[in-house]
file my_file-v8.cif (mmCIF, C-alpha atoms, pLDDT in the B column; chains and numbers go by the auth columns)
data_run
loop_
_atom_site.group_PDB
_atom_site.id
_atom_site.type_symbol
_atom_site.label_atom_id
_atom_site.label_comp_id
_atom_site.label_asym_id
_atom_site.label_seq_id
_atom_site.Cartn_x
_atom_site.Cartn_y
_atom_site.Cartn_z
_atom_site.B_iso_or_equiv
_atom_site.auth_seq_id
_atom_site.auth_asym_id
ATOM 1 C CA MET A 1 -19.398 15.907 56.486 47.00 1 A
ATOM 2 C CA THR A 2 -17.007 12.964 56.035 57.00 2 A
ATOM 3 C CA GLN A 3 -14.253 12.730 58.625 68.00 3 A
ATOM 4 C CA ASP A 4 -10.676 12.759 57.388 87.00 4 A
ATOM 5 C CA PRO A 5 -9.381 9.147 57.793 84.00 5 A
ATOM 6 C CA ASN A 6 -5.927 10.383 58.789 89.00 6 A
ATOM 7 C CA ALA A 7 -7.430 12.652 61.419 91.00 7 A
ATOM 8 C CA ALA A 8 -9.340 9.678 62.800 90.00 8 A
ATOM 9 C CA ALA A 9 -6.136 7.619 62.788 92.00 9 A
ATOM 10 C CA SER A 10 -4.301 10.363 64.666 93.00 10 A
ATOM 11 C CA GLN A 11 -7.052 10.460 67.245 93.00 11 A
ATOM 12 C CA ARG A 12 -6.848 6.679 67.715 94.00 12 A
ATOM 13 C CA TYR A 13 -3.117 7.032 68.233 94.00 13 A
ATOM 14 C CA HIS A 14 -3.540 9.681 70.927 95.00 14 A
ATOM 15 C CA ASP A 15 -6.377 7.792 72.603 95.00 15 A
ATOM 16 C CA ARG A 16 -4.298 4.593 72.937 96.00 16 A
ATOM 17 C CA PHE A 17 -0.884 6.099 73.588 95.00 17 A
ATOM 18 C CA GLU A 18 0.701 5.237 76.960 96.00 18 A
ATOM 19 C CA ASN A 19 3.500 7.582 77.936 96.00 19 A
ATOM 20 C CA ALA A 20 5.044 5.228 80.517 96.00 20 A
ATOM 21 C CA ARG A 21 5.605 2.511 77.907 96.00 21 A
ATOM 22 C CA TYR A 22 6.954 5.010 75.389 97.00 22 A
ATOM 23 C CA THR A 23 9.350 6.499 77.950 96.00 23 A
ATOM 24 C CA ALA A 24 10.597 3.025 78.859 97.00 24 A
ATOM 25 C CA ILE A 25 11.310 2.296 75.186 98.00 25 A
ATOM 26 C CA ALA A 26 13.245 5.542 74.923 97.00 26 A
ATOM 27 C CA GLU A 27 15.403 4.523 77.870 97.00 27 A
ATOM 28 C CA PHE A 28 15.976 1.037 76.446 97.00 28 A
ATOM 29 C CA VAL A 29 16.971 2.433 73.049 97.00 29 A
ATOM 30 C CA ALA A 30 19.351 4.962 74.597 97.00 30 A
ATOM 31 C CA SER A 31 20.942 2.212 76.676 97.00 31 A
ATOM 32 C CA ASN A 32 21.302 -0.139 73.682 97.00 32 A
ATOM 33 C CA LEU A 33 22.951 2.604 71.632 97.00 33 A
ATOM 34 C CA ASN A 34 25.063 3.798 74.555 96.00 34 A
ATOM 35 C CA ALA A 35 23.678 7.258 73.844 95.00 35 A
ATOM 36 C CA ASP A 36 21.938 10.104 75.614 94.00 36 A
ATOM 37 C CA ARG A 37 18.161 10.183 75.387 91.00 37 A
ATOM 38 C CA ASP A 38 18.193 13.370 73.295 90.00 38 A
ATOM 39 C CA GLU A 39 20.745 12.163 70.726 94.00 39 A
ATOM 40 C CA GLU A 40 19.633 12.078 67.106 95.00 40 A
ATOM 41 C CA ARG A 41 20.051 8.290 66.775 95.00 41 A
ATOM 42 C CA VAL A 42 17.668 7.731 69.662 97.00 42 A
ATOM 43 C CA ALA A 43 15.209 10.327 68.406 96.00 43 A
ATOM 44 C CA ASP A 44 15.169 8.781 64.922 97.00 44 A
ATOM 45 C CA LEU A 45 14.305 5.348 66.305 97.00 45 A
ATOM 46 C CA LEU A 46 11.560 6.793 68.493 97.00 46 A
ATOM 47 C CA VAL A 47 10.077 8.533 65.461 97.00 47 A
ATOM 48 C CA ALA A 48 10.137 5.179 63.684 98.00 48 A
ATOM 49 C CA VAL A 49 8.219 3.657 66.623 98.00 49 A
ATOM 50 C CA GLN A 50 5.638 6.441 66.432 97.00 50 A
ATOM 51 C CA ASN A 51 5.293 6.057 62.663 97.00 51 A
ATOM 52 C CA ALA A 52 4.657 2.324 63.042 98.00 52 A
ATOM 53 C CA ALA A 53 1.974 3.056 65.641 97.00 53 A
ATOM 54 C CA PHE A 54 0.356 5.585 63.286 96.00 54 A
ATOM 55 C CA GLU A 55 0.347 2.979 60.525 97.00 55 A
ATOM 56 C CA LEU A 56 -1.396 0.495 62.802 96.00 56 A
ATOM 57 C CA CYS A 57 -4.007 3.142 63.511 95.00 57 A
ATOM 58 C CA GLY A 58 -4.690 3.445 59.790 93.00 58 A
ATOM 59 C CA HIS A 59 -2.733 6.592 58.875 93.00 59 A
ATOM 60 C CA SER A 60 -2.121 6.569 55.107 90.00 60 A
ATOM 61 C CA LEU A 61 1.137 8.540 55.287 91.00 61 A
ATOM 62 C CA HIS A 62 2.930 5.815 57.239 93.00 62 A
ATOM 63 C CA MET A 63 2.342 2.665 55.220 94.00 63 A
ATOM 64 C CA GLY A 64 5.228 0.232 55.635 95.00 64 A
ATOM 65 C CA ALA A 65 6.461 1.959 58.773 97.00 65 A
ATOM 66 C CA TRP A 66 6.419 -1.310 60.748 97.00 66 A
ATOM 67 C CA HIS A 67 8.994 -2.739 58.331 97.00 67 A
ATOM 68 C CA THR A 68 11.187 0.352 58.435 97.00 68 A
ATOM 69 C CA LEU A 69 11.160 0.098 62.228 98.00 69 A
ATOM 70 C CA ALA A 70 12.041 -3.615 62.161 98.00 70 A
ATOM 71 C CA VAL A 71 15.005 -3.031 59.846 97.00 71 A
ATOM 72 C CA ARG A 72 16.284 -0.184 61.993 97.00 72 A
ATOM 73 C CA CYS A 73 16.066 -2.350 65.091 97.00 73 A
ATOM 74 C CA GLY A 74 18.183 -4.956 63.349 96.00 74 A
ATOM 75 C CA GLN A 75 20.708 -2.527 61.907 96.00 75 A
ATOM 76 C CA HIS A 76 21.160 -0.746 65.250 96.00 76 A
ATOM 77 C CA PHE A 77 21.600 -4.025 67.154 96.00 77 A
ATOM 78 C CA LEU A 78 18.844 -3.341 69.665 97.00 78 A
ATOM 79 C CA SER A 79 18.315 -6.000 72.310 97.00 79 A
ATOM 80 C CA PHE A 80 15.531 -8.571 72.214 97.00 80 A
ATOM 81 C CA HIS A 81 14.216 -6.956 75.395 98.00 81 A
ATOM 82 C CA THR A 82 13.873 -3.628 73.589 98.00 82 A
ATOM 83 C CA VAL A 83 12.196 -5.264 70.603 98.00 83 A
ATOM 84 C CA ASP A 84 9.747 -6.949 72.981 98.00 84 A
ATOM 85 C CA ALA A 85 8.973 -3.603 74.624 98.00 85 A
ATOM 86 C CA ILE A 86 8.333 -2.031 71.218 98.00 86 A
ATOM 87 C CA ARG A 87 6.131 -4.973 70.234 98.00 87 A
ATOM 88 C CA ASP A 88 4.048 -4.611 73.386 97.00 88 A
ATOM 89 C CA PHE A 89 3.735 -0.858 72.807 98.00 89 A
ATOM 90 C CA LEU A 90 2.519 -1.437 69.245 97.00 90 A
ATOM 91 C CA ARG A 91 -0.078 -3.897 70.534 97.00 91 A
ATOM 92 C CA LEU A 92 -1.819 -0.931 72.152 96.00 92 A
ATOM 93 C CA PHE A 93 -2.793 0.249 68.694 96.00 93 A
ATOM 94 C CA ALA A 94 -3.637 -3.084 67.018 92.00 94 A
ATOM 95 C CA PRO A 95 -3.904 -5.936 69.552 89.00 95 A
ATOM 96 C CA ASP A 96 -4.184 -8.654 66.903 88.00 96 A
ATOM 97 C CA GLY A 97 -2.141 -7.004 64.165 86.00 97 A
ATOM 98 C CA VAL A 98 -0.248 -9.472 61.960 95.00 98 A
ATOM 99 C CA ARG A 99 2.141 -6.657 61.026 96.00 99 A
ATOM 100 C CA ILE A 100 3.290 -6.572 64.649 97.00 100 A
ATOM 101 C CA ASP A 101 4.154 -10.269 64.448 97.00 101 A
ATOM 102 C CA ASP A 102 6.054 -9.557 61.244 97.00 102 A
ATOM 103 C CA PHE A 103 7.827 -6.636 62.904 98.00 103 A
ATOM 104 C CA GLU A 104 9.015 -8.816 65.770 98.00 104 A
ATOM 105 C CA SER A 105 10.063 -11.716 63.546 98.00 105 A
ATOM 106 C CA THR A 106 11.896 -9.487 61.060 98.00 106 A
ATOM 107 C CA ALA A 107 13.768 -7.559 63.739 98.00 107 A
ATOM 108 C CA LYS A 108 14.790 -10.658 65.702 98.00 108 A
ATOM 109 C CA ALA A 109 15.797 -12.622 62.610 98.00 109 A
ATOM 110 C CA MET A 110 18.038 -9.760 61.505 97.00 110 A
ATOM 111 C CA LEU A 111 19.511 -9.371 64.980 97.00 111 A
ATOM 112 C CA ARG A 112 20.369 -13.051 65.253 97.00 112 A
ATOM 113 C CA ALA A 113 21.768 -13.145 61.728 97.00 113 A
ATOM 114 C CA TYR A 114 23.983 -10.111 62.344 96.00 114 A
ATOM 115 C CA SER A 115 25.144 -11.447 65.709 94.00 115 A
ATOM 116 C CA GLY A 116 26.390 -14.673 64.154 94.00 116 A
ATOM 117 C CA LEU A 117 28.474 -13.097 61.400 95.00 117 A
ATOM 118 C CA ASP A 118 31.579 -12.405 63.485 94.00 118 A
ATOM 119 C CA ASP A 119 31.745 -15.981 64.758 96.00 119 A
ATOM 120 C CA LEU A 120 31.098 -17.245 61.244 96.00 120 A
ATOM 121 C CA LYS A 121 33.980 -15.202 59.811 96.00 121 A
ATOM 122 C CA SER A 122 36.256 -16.482 62.562 97.00 122 A
ATOM 123 C CA ALA A 123 35.253 -20.096 61.892 97.00 123 A
ATOM 124 C CA THR A 124 35.846 -19.587 58.166 97.00 124 A
ATOM 125 C CA ALA A 125 39.320 -18.201 58.785 97.00 125 A
ATOM 126 C CA HIS A 126 40.240 -21.121 61.059 98.00 126 A
ATOM 127 C CA ALA A 127 38.921 -23.714 58.609 97.00 127 A
ATOM 128 C CA ASN A 128 41.077 -22.127 55.911 96.00 128 A
ATOM 129 C CA GLY A 129 44.119 -23.165 57.935 96.00 129 A
ATOM 130 C CA VAL A 130 43.297 -26.883 57.920 96.00 130 A
ATOM 131 C CA HIS A 131 45.620 -28.833 55.577 96.00 131 A
ATOM 132 C CA SER A 132 43.186 -31.409 54.191 96.00 132 A
ATOM 133 C CA TRP A 133 40.362 -31.672 51.688 96.00 133 A
ATOM 134 C CA GLN A 134 37.931 -31.694 54.607 96.00 134 A
ATOM 135 C CA GLY A 135 39.352 -28.378 55.793 97.00 135 A
ATOM 136 C CA ARG A 136 39.156 -26.870 52.315 97.00 136 A
ATOM 137 C CA MET A 137 35.592 -28.085 51.900 97.00 137 A
ATOM 138 C CA ALA A 138 34.613 -26.776 55.321 97.00 138 A
ATOM 139 C CA TYR A 139 36.168 -23.425 54.411 98.00 139 A
ATOM 140 C CA GLU A 140 34.139 -23.212 51.191 98.00 140 A
ATOM 141 C CA LEU A 141 30.907 -24.168 52.956 98.00 141 A
ATOM 142 C CA LEU A 142 31.429 -21.701 55.796 98.00 142 A
ATOM 143 C CA ALA A 143 32.178 -18.969 53.259 98.00 143 A
ATOM 144 C CA ALA A 144 28.958 -19.942 51.476 98.00 144 A
ATOM 145 C CA VAL A 145 26.996 -19.590 54.715 98.00 145 A
ATOM 146 C CA ASP A 146 28.429 -16.095 55.142 97.00 146 A
ATOM 147 C CA TYR A 147 27.190 -15.049 51.704 97.00 147 A
ATOM 148 C CA LEU A 148 23.820 -16.733 52.204 98.00 148 A
ATOM 149 C CA THR A 149 23.383 -15.104 55.613 97.00 149 A
ATOM 150 C CA HIS A 150 23.989 -11.703 54.048 97.00 150 A
ATOM 151 C CA ALA A 151 21.463 -12.577 51.347 97.00 151 A
ATOM 152 C CA ALA A 152 18.900 -13.471 54.011 97.00 152 A
ATOM 153 C CA ILE A 153 19.510 -10.167 55.816 97.00 153 A
ATOM 154 C CA LEU A 154 19.042 -8.275 52.550 97.00 154 A
ATOM 155 C CA LEU A 155 15.810 -10.162 51.882 97.00 155 A
ATOM 156 C CA LEU A 156 14.458 -9.299 55.314 97.00 156 A
ATOM 157 C CA ALA A 157 15.384 -5.657 54.730 96.00 157 A
ATOM 158 C CA HIS A 158 13.709 -5.673 51.275 94.00 158 A
ATOM 159 C CA GLU A 159 16.936 -4.502 49.672 91.00 159 A
ATOM 160 C CA ASP A 160 17.799 -4.357 45.980 86.00 160 A
ATOM 161 C CA ASP A 161 17.163 -7.695 44.231 89.00 161 A
ATOM 162 C CA GLY A 162 20.383 -7.387 42.222 92.00 162 A
ATOM 163 C CA TYR A 163 22.467 -7.243 45.381 93.00 163 A
ATOM 164 C CA ILE A 164 20.622 -10.263 46.784 96.00 164 A
ATOM 165 C CA ARG A 165 21.299 -12.179 43.575 95.00 165 A
ATOM 166 C CA GLU A 166 24.990 -11.300 43.814 96.00 166 A
ATOM 167 C CA LYS A 167 25.232 -12.739 47.334 97.00 167 A
ATOM 168 C CA LEU A 168 23.296 -15.864 46.326 96.00 168 A
ATOM 169 C CA HIS A 169 25.512 -16.354 43.286 96.00 169 A
ATOM 170 C CA LYS A 170 28.682 -16.106 45.338 97.00 170 A
ATOM 171 C CA GLY A 171 27.250 -18.441 47.968 97.00 171 A
ATOM 172 C CA LEU A 172 26.335 -21.055 45.374 96.00 172 A
ATOM 173 C CA ASN A 173 29.800 -20.778 43.831 97.00 173 A
ATOM 174 C CA ARG A 174 31.315 -21.495 47.241 97.00 174 A
ATOM 175 C CA ILE A 175 29.055 -24.518 47.702 97.00 175 A
ATOM 176 C CA THR A 176 30.132 -25.757 44.279 96.00 176 A
ATOM 177 C CA GLY A 177 33.768 -25.251 45.234 97.00 177 A
ATOM 178 C CA GLY A 178 33.227 -27.282 48.369 97.00 178 A
ATOM 179 C CA LEU A 179 31.572 -30.104 46.421 96.00 179 A
ATOM 180 C CA TYR A 180 34.517 -30.204 44.019 96.00 180 A
ATOM 181 C CA GLU A 181 36.805 -30.831 46.995 96.00 181 A
ATOM 182 C CA GLY A 182 34.647 -33.768 48.016 95.00 182 A
ATOM 183 C CA ILE A 183 34.400 -35.177 44.492 95.00 183 A
ATOM 184 C CA ARG A 184 38.135 -34.909 43.852 96.00 184 A
ATOM 185 C CA HIS A 185 39.541 -36.056 47.158 96.00 185 A
ATOM 186 C CA SER A 186 36.957 -38.031 49.141 94.00 186 A
ATOM 187 C CA PRO A 187 37.177 -41.840 49.088 94.00 187 A
ATOM 188 C CA GLN A 188 33.386 -41.723 48.524 94.00 188 A
ATOM 189 C CA PRO A 189 32.935 -39.068 45.806 93.00 189 A
ATOM 190 C CA GLU A 190 29.339 -40.158 45.155 94.00 190 A
ATOM 191 C CA MET A 191 28.390 -38.590 48.486 94.00 191 A
ATOM 192 C CA PHE A 192 29.024 -35.171 47.000 94.00 192 A
ATOM 193 C CA ASN A 193 27.363 -35.691 43.623 94.00 193 A
ATOM 194 C CA PHE A 194 24.200 -33.558 43.569 92.00 194 A
ATOM 195 C CA ARG A 195 23.649 -33.448 39.826 91.00 195 A
ATOM 196 C CA SER A 196 19.996 -34.449 40.315 91.00 196 A
ATOM 197 C CA THR A 197 19.311 -31.304 42.346 91.00 197 A
ATOM 198 C CA TYR A 198 16.893 -29.046 40.481 91.00 198 A
ATOM 199 C CA PHE A 199 17.108 -25.283 40.642 89.00 199 A
ATOM 200 C CA PRO A 200 13.852 -23.425 39.872 92.00 200 A
ATOM 201 C CA THR A 201 13.666 -21.175 36.814 91.00 201 A
ATOM 202 C CA GLU A 202 11.288 -18.483 35.620 90.00 202 A
ATOM 203 C CA LYS A 203 9.096 -21.260 34.156 90.00 203 A
ATOM 204 C CA ASP A 204 8.235 -22.400 37.686 90.00 204 A
ATOM 205 C CA ARG A 205 6.550 -19.069 38.341 86.00 205 A
ATOM 206 C CA PHE A 206 3.438 -20.185 36.513 83.00 206 A
#
call {"tool": "encode", "arguments": {"input": "my_file-v8.cif", "output": "structure tokens"}}
result
Amino acid sequence: MTQDPNAAASQRYHDRFENARYTAIAEFVASNLNADRDEERVADLLVAVQNAAFELCGHSLHMGAWHTLAVRCGQHFLSFHTVDAIRDFLRLFAPDGVRIDDFESTAKAMLRAYSGLDDLKSATAHANGVHSWQGRMAYELLAAVDYLTHAAILLLAHEDDGYIREKLHKGLNRITGGLYEGIRHSPQPEMFNFRSTYFPTEKDRF
């Protein structure tokens, strides 16, 4: 009789599970969210941790769970310390798993990107108050970075491609606006002439 692969995966999960590590993660998550341990937000994240562990054990009903967990860590602004604890817990189930590396990198990239947005918006607003072409160009470029940062976050979260394109389009428009300021007002307009820059098209796919 052939053993059910999901049953075998569940057994691997239970064999490798360490309650002390899991309990510590629960406490970290509750602290990060400023919530009680039994609140739904905490419980949902812990379920996501469990699902990722099941995926690493080979359970077919939890494919992609590592990515869902990474995105939730980023969107809930968990600390790097908590992400590290989750990473170490997941290593129990797949010590050399590349998906665990991707989990950590995705979560931390999103966290750092989100954390910089407030400062970026503030810098953009201040640059907008500078009465010179340099200030106007800086404003456009900072606004572009804001759009491009959002695009990067959406890419990491595997969001809708149309929304990513929208952010990229707006970011490129801001860059173009900044270059116009340099071309029109700089004493060295050639510095801002990037007409030789090539943008890839569908033809470059093949």
call {"tool": "closest_residue", "arguments": {"input": "my_file-v8.cif", "among": "A:Phe89, A:Arg41, A:Arg136, A:Leu61", "to": "Gln75 in chain A", "atoms": "all atoms listed in the file"}}
result
A:Arg41
call {"tool": "residues_around", "arguments": {"input": "my_file-v8.cif", "residues": "Asp119 in chain A", "least_positions_apart": "6", "cutoff": "12 Å", "atoms": "all atoms listed in the file", "output": "list in words"}}
result
Arg112, Ala113, Ala125, His126, Leu142, Ala143, Val145 and Asp146 of chain A
call {"tool": "residues_around", "arguments": {"input": "my_file-v8.cif", "residues": "range 21-38 of chain A", "least_positions_apart": "5", "cutoff": "7 Å", "atoms": "only C-alpha atoms", "output": "PDB file with C-alpha atoms, keeping the file's coordinate frame"}}
result
ATOM      1  CA  ALA A  43      15.209  10.327  68.406  1.00 96.00           C
ATOM      2  CA  LEU A  46      11.560   6.793  68.493  1.00 97.00           C
ATOM      3  CA  LEU A  78      18.844  -3.341  69.665  1.00 97.00           C
ATOM      4  CA  SER A  79      18.315  -6.000  72.310  1.00 97.00           C
ATOM      5  CA  THR A  82      13.873  -3.628  73.589  1.00 98.00           C
ATOM      6  CA  ALA A  85       8.973  -3.603  74.624  1.00 98.00           C
ATOM      7  CA  ILE A  86       8.333  -2.031  71.218  1.00 98.00           C
ATOM      8  CA  PHE A  89       3.735  -0.858  72.807  1.00 98.00           C
TER       9      PHE A  89
END
call {"tool": "resolve_selection", "arguments": {"input": "my_file-v8.cif", "expression": "the PyMOL selection byres ((chain A and resi 100) around 12)", "output": "count of residues only"}}
result
35
call {"tool": "closest_residue", "arguments": {"input": "my_file-v8.cif", "among": "A:Glu39, A:His14, A:Ala109, A:Ser132", "to": "Gly182 in chain A", "atoms": "all atoms listed in the file"}}
result
A:Ser132
call {"tool": "decode", "arguments": {"input": "my_file-v8.cif", "residues": "range 104-120 of chain A", "atoms": "N, CA and C atoms", "output": "PDB file, in the first residue's frame"}}
result
ATOM      1  N   GLU A 104      13.238  34.912   3.617  1.00  0.00           N
ATOM      2  CA  GLU A 104      13.929  35.936   4.398  1.00  0.00           C
ATOM      3  C   GLU A 104      14.212  37.174   3.551  1.00  0.00           C
ATOM      4  N   SER A 105      14.710  36.973   2.339  1.00  0.00           N
ATOM      5  CA  SER A 105      15.060  38.103   1.487  1.00  0.00           C
ATOM      6  C   SER A 105      13.829  38.903   1.073  1.00  0.00           C
ATOM      7  N   THR A 106      12.745  38.207   0.750  1.00  0.00           N
ATOM      8  CA  THR A 106      11.509  38.891   0.354  1.00  0.00           C
ATOM      9  C   THR A 106      10.954  39.710   1.512  1.00  0.00           C
ATOM     10  N   ALA A 107      10.851  39.094   2.676  1.00  0.00           N
ATOM     11  CA  ALA A 107      10.296  39.780   3.838  1.00  0.00           C
ATOM     12  C   ALA A 107      11.136  41.000   4.210  1.00  0.00           C
ATOM     13  N   LYS A 108      12.449  40.846   4.254  1.00  0.00           N
ATOM     14  CA  LYS A 108      13.306  41.959   4.674  1.00  0.00           C
ATOM     15  C   LYS A 108      13.367  43.065   3.626  1.00  0.00           C
ATOM     16  N   ALA A 109      13.338  42.687   2.351  1.00  0.00           N
ATOM     17  CA  ALA A 109      13.317  43.715   1.306  1.00  0.00           C
ATOM     18  C   ALA A 109      12.043  44.545   1.398  1.00  0.00           C
ATOM     19  N   MET A 110      10.914  43.879   1.613  1.00  0.00           N
ATOM     20  CA  MET A 110       9.649  44.601   1.740  1.00  0.00           C
ATOM     21  C   MET A 110       9.647  45.491   2.980  1.00  0.00           C
ATOM     22  N   LEU A 111      10.156  44.968   4.074  1.00  0.00           N
ATOM     23  CA  LEU A 111      10.192  45.748   5.316  1.00  0.00           C
ATOM     24  C   LEU A 111      11.037  47.007   5.155  1.00  0.00           C
ATOM     25  N   ARG A 112      12.197  46.873   4.557  1.00  0.00           N
ATOM     26  CA  ARG A 112      13.060  48.033   4.365  1.00  0.00           C
ATOM     27  C   ARG A 112      12.446  49.026   3.372  1.00  0.00           C
ATOM     28  N   ALA A 113      11.821  48.503   2.338  1.00  0.00           N
ATOM     29  CA  ALA A 113      11.189  49.387   1.356  1.00  0.00           C
ATOM     30  C   ALA A 113      10.050  50.174   1.994  1.00  0.00           C
ATOM     31  N   TYR A 114       9.192  49.480   2.743  1.00  0.00           N
ATOM     32  CA  TYR A 114       8.085  50.161   3.421  1.00  0.00           C
ATOM     33  C   TYR A 114       8.609  51.203   4.414  1.00  0.00           C
ATOM     34  N   SER A 115       9.653  50.841   5.143  1.00  0.00           N
ATOM     35  CA  SER A 115      10.141  51.729   6.208  1.00  0.00           C
ATOM     36  C   SER A 115      10.709  53.026   5.654  1.00  0.00           C
ATOM     37  N   GLY A 116      11.164  53.002   4.406  1.00  0.00           N
ATOM     38  CA  GLY A 116      11.744  54.203   3.823  1.00  0.00           C
ATOM     39  C   GLY A 116      10.749  55.136   3.167  1.00  0.00           C
ATOM     40  N   LEU A 117       9.498  54.692   3.004  1.00  0.00           N
ATOM     41  CA  LEU A 117       8.536  55.490   2.251  1.00  0.00           C
ATOM     42  C   LEU A 117       8.173  56.798   2.934  1.00  0.00           C
ATOM     43  N   ASP A 118       8.027  56.783   4.253  1.00  0.00           N
ATOM     44  CA  ASP A 118       7.658  58.017   4.955  1.00  0.00           C
ATOM     45  C   ASP A 118       8.740  59.074   4.809  1.00  0.00           C
ATOM     46  N   ASP A 119      10.002  58.676   4.999  1.00  0.00           N
ATOM     47  CA  ASP A 119      11.102  59.617   4.835  1.00  0.00           C
ATOM     48  C   ASP A 119      11.192  60.111   3.395  1.00  0.00           C
ATOM     49  N   LEU A 120      10.919  59.217   2.455  1.00  0.00           N
ATOM     50  CA  LEU A 120      10.968  59.583   1.047  1.00  0.00           C
ATOM     51  C   LEU A 120       9.897  60.624   0.716  1.00  0.00           C
TER      52      LEU A 120
END
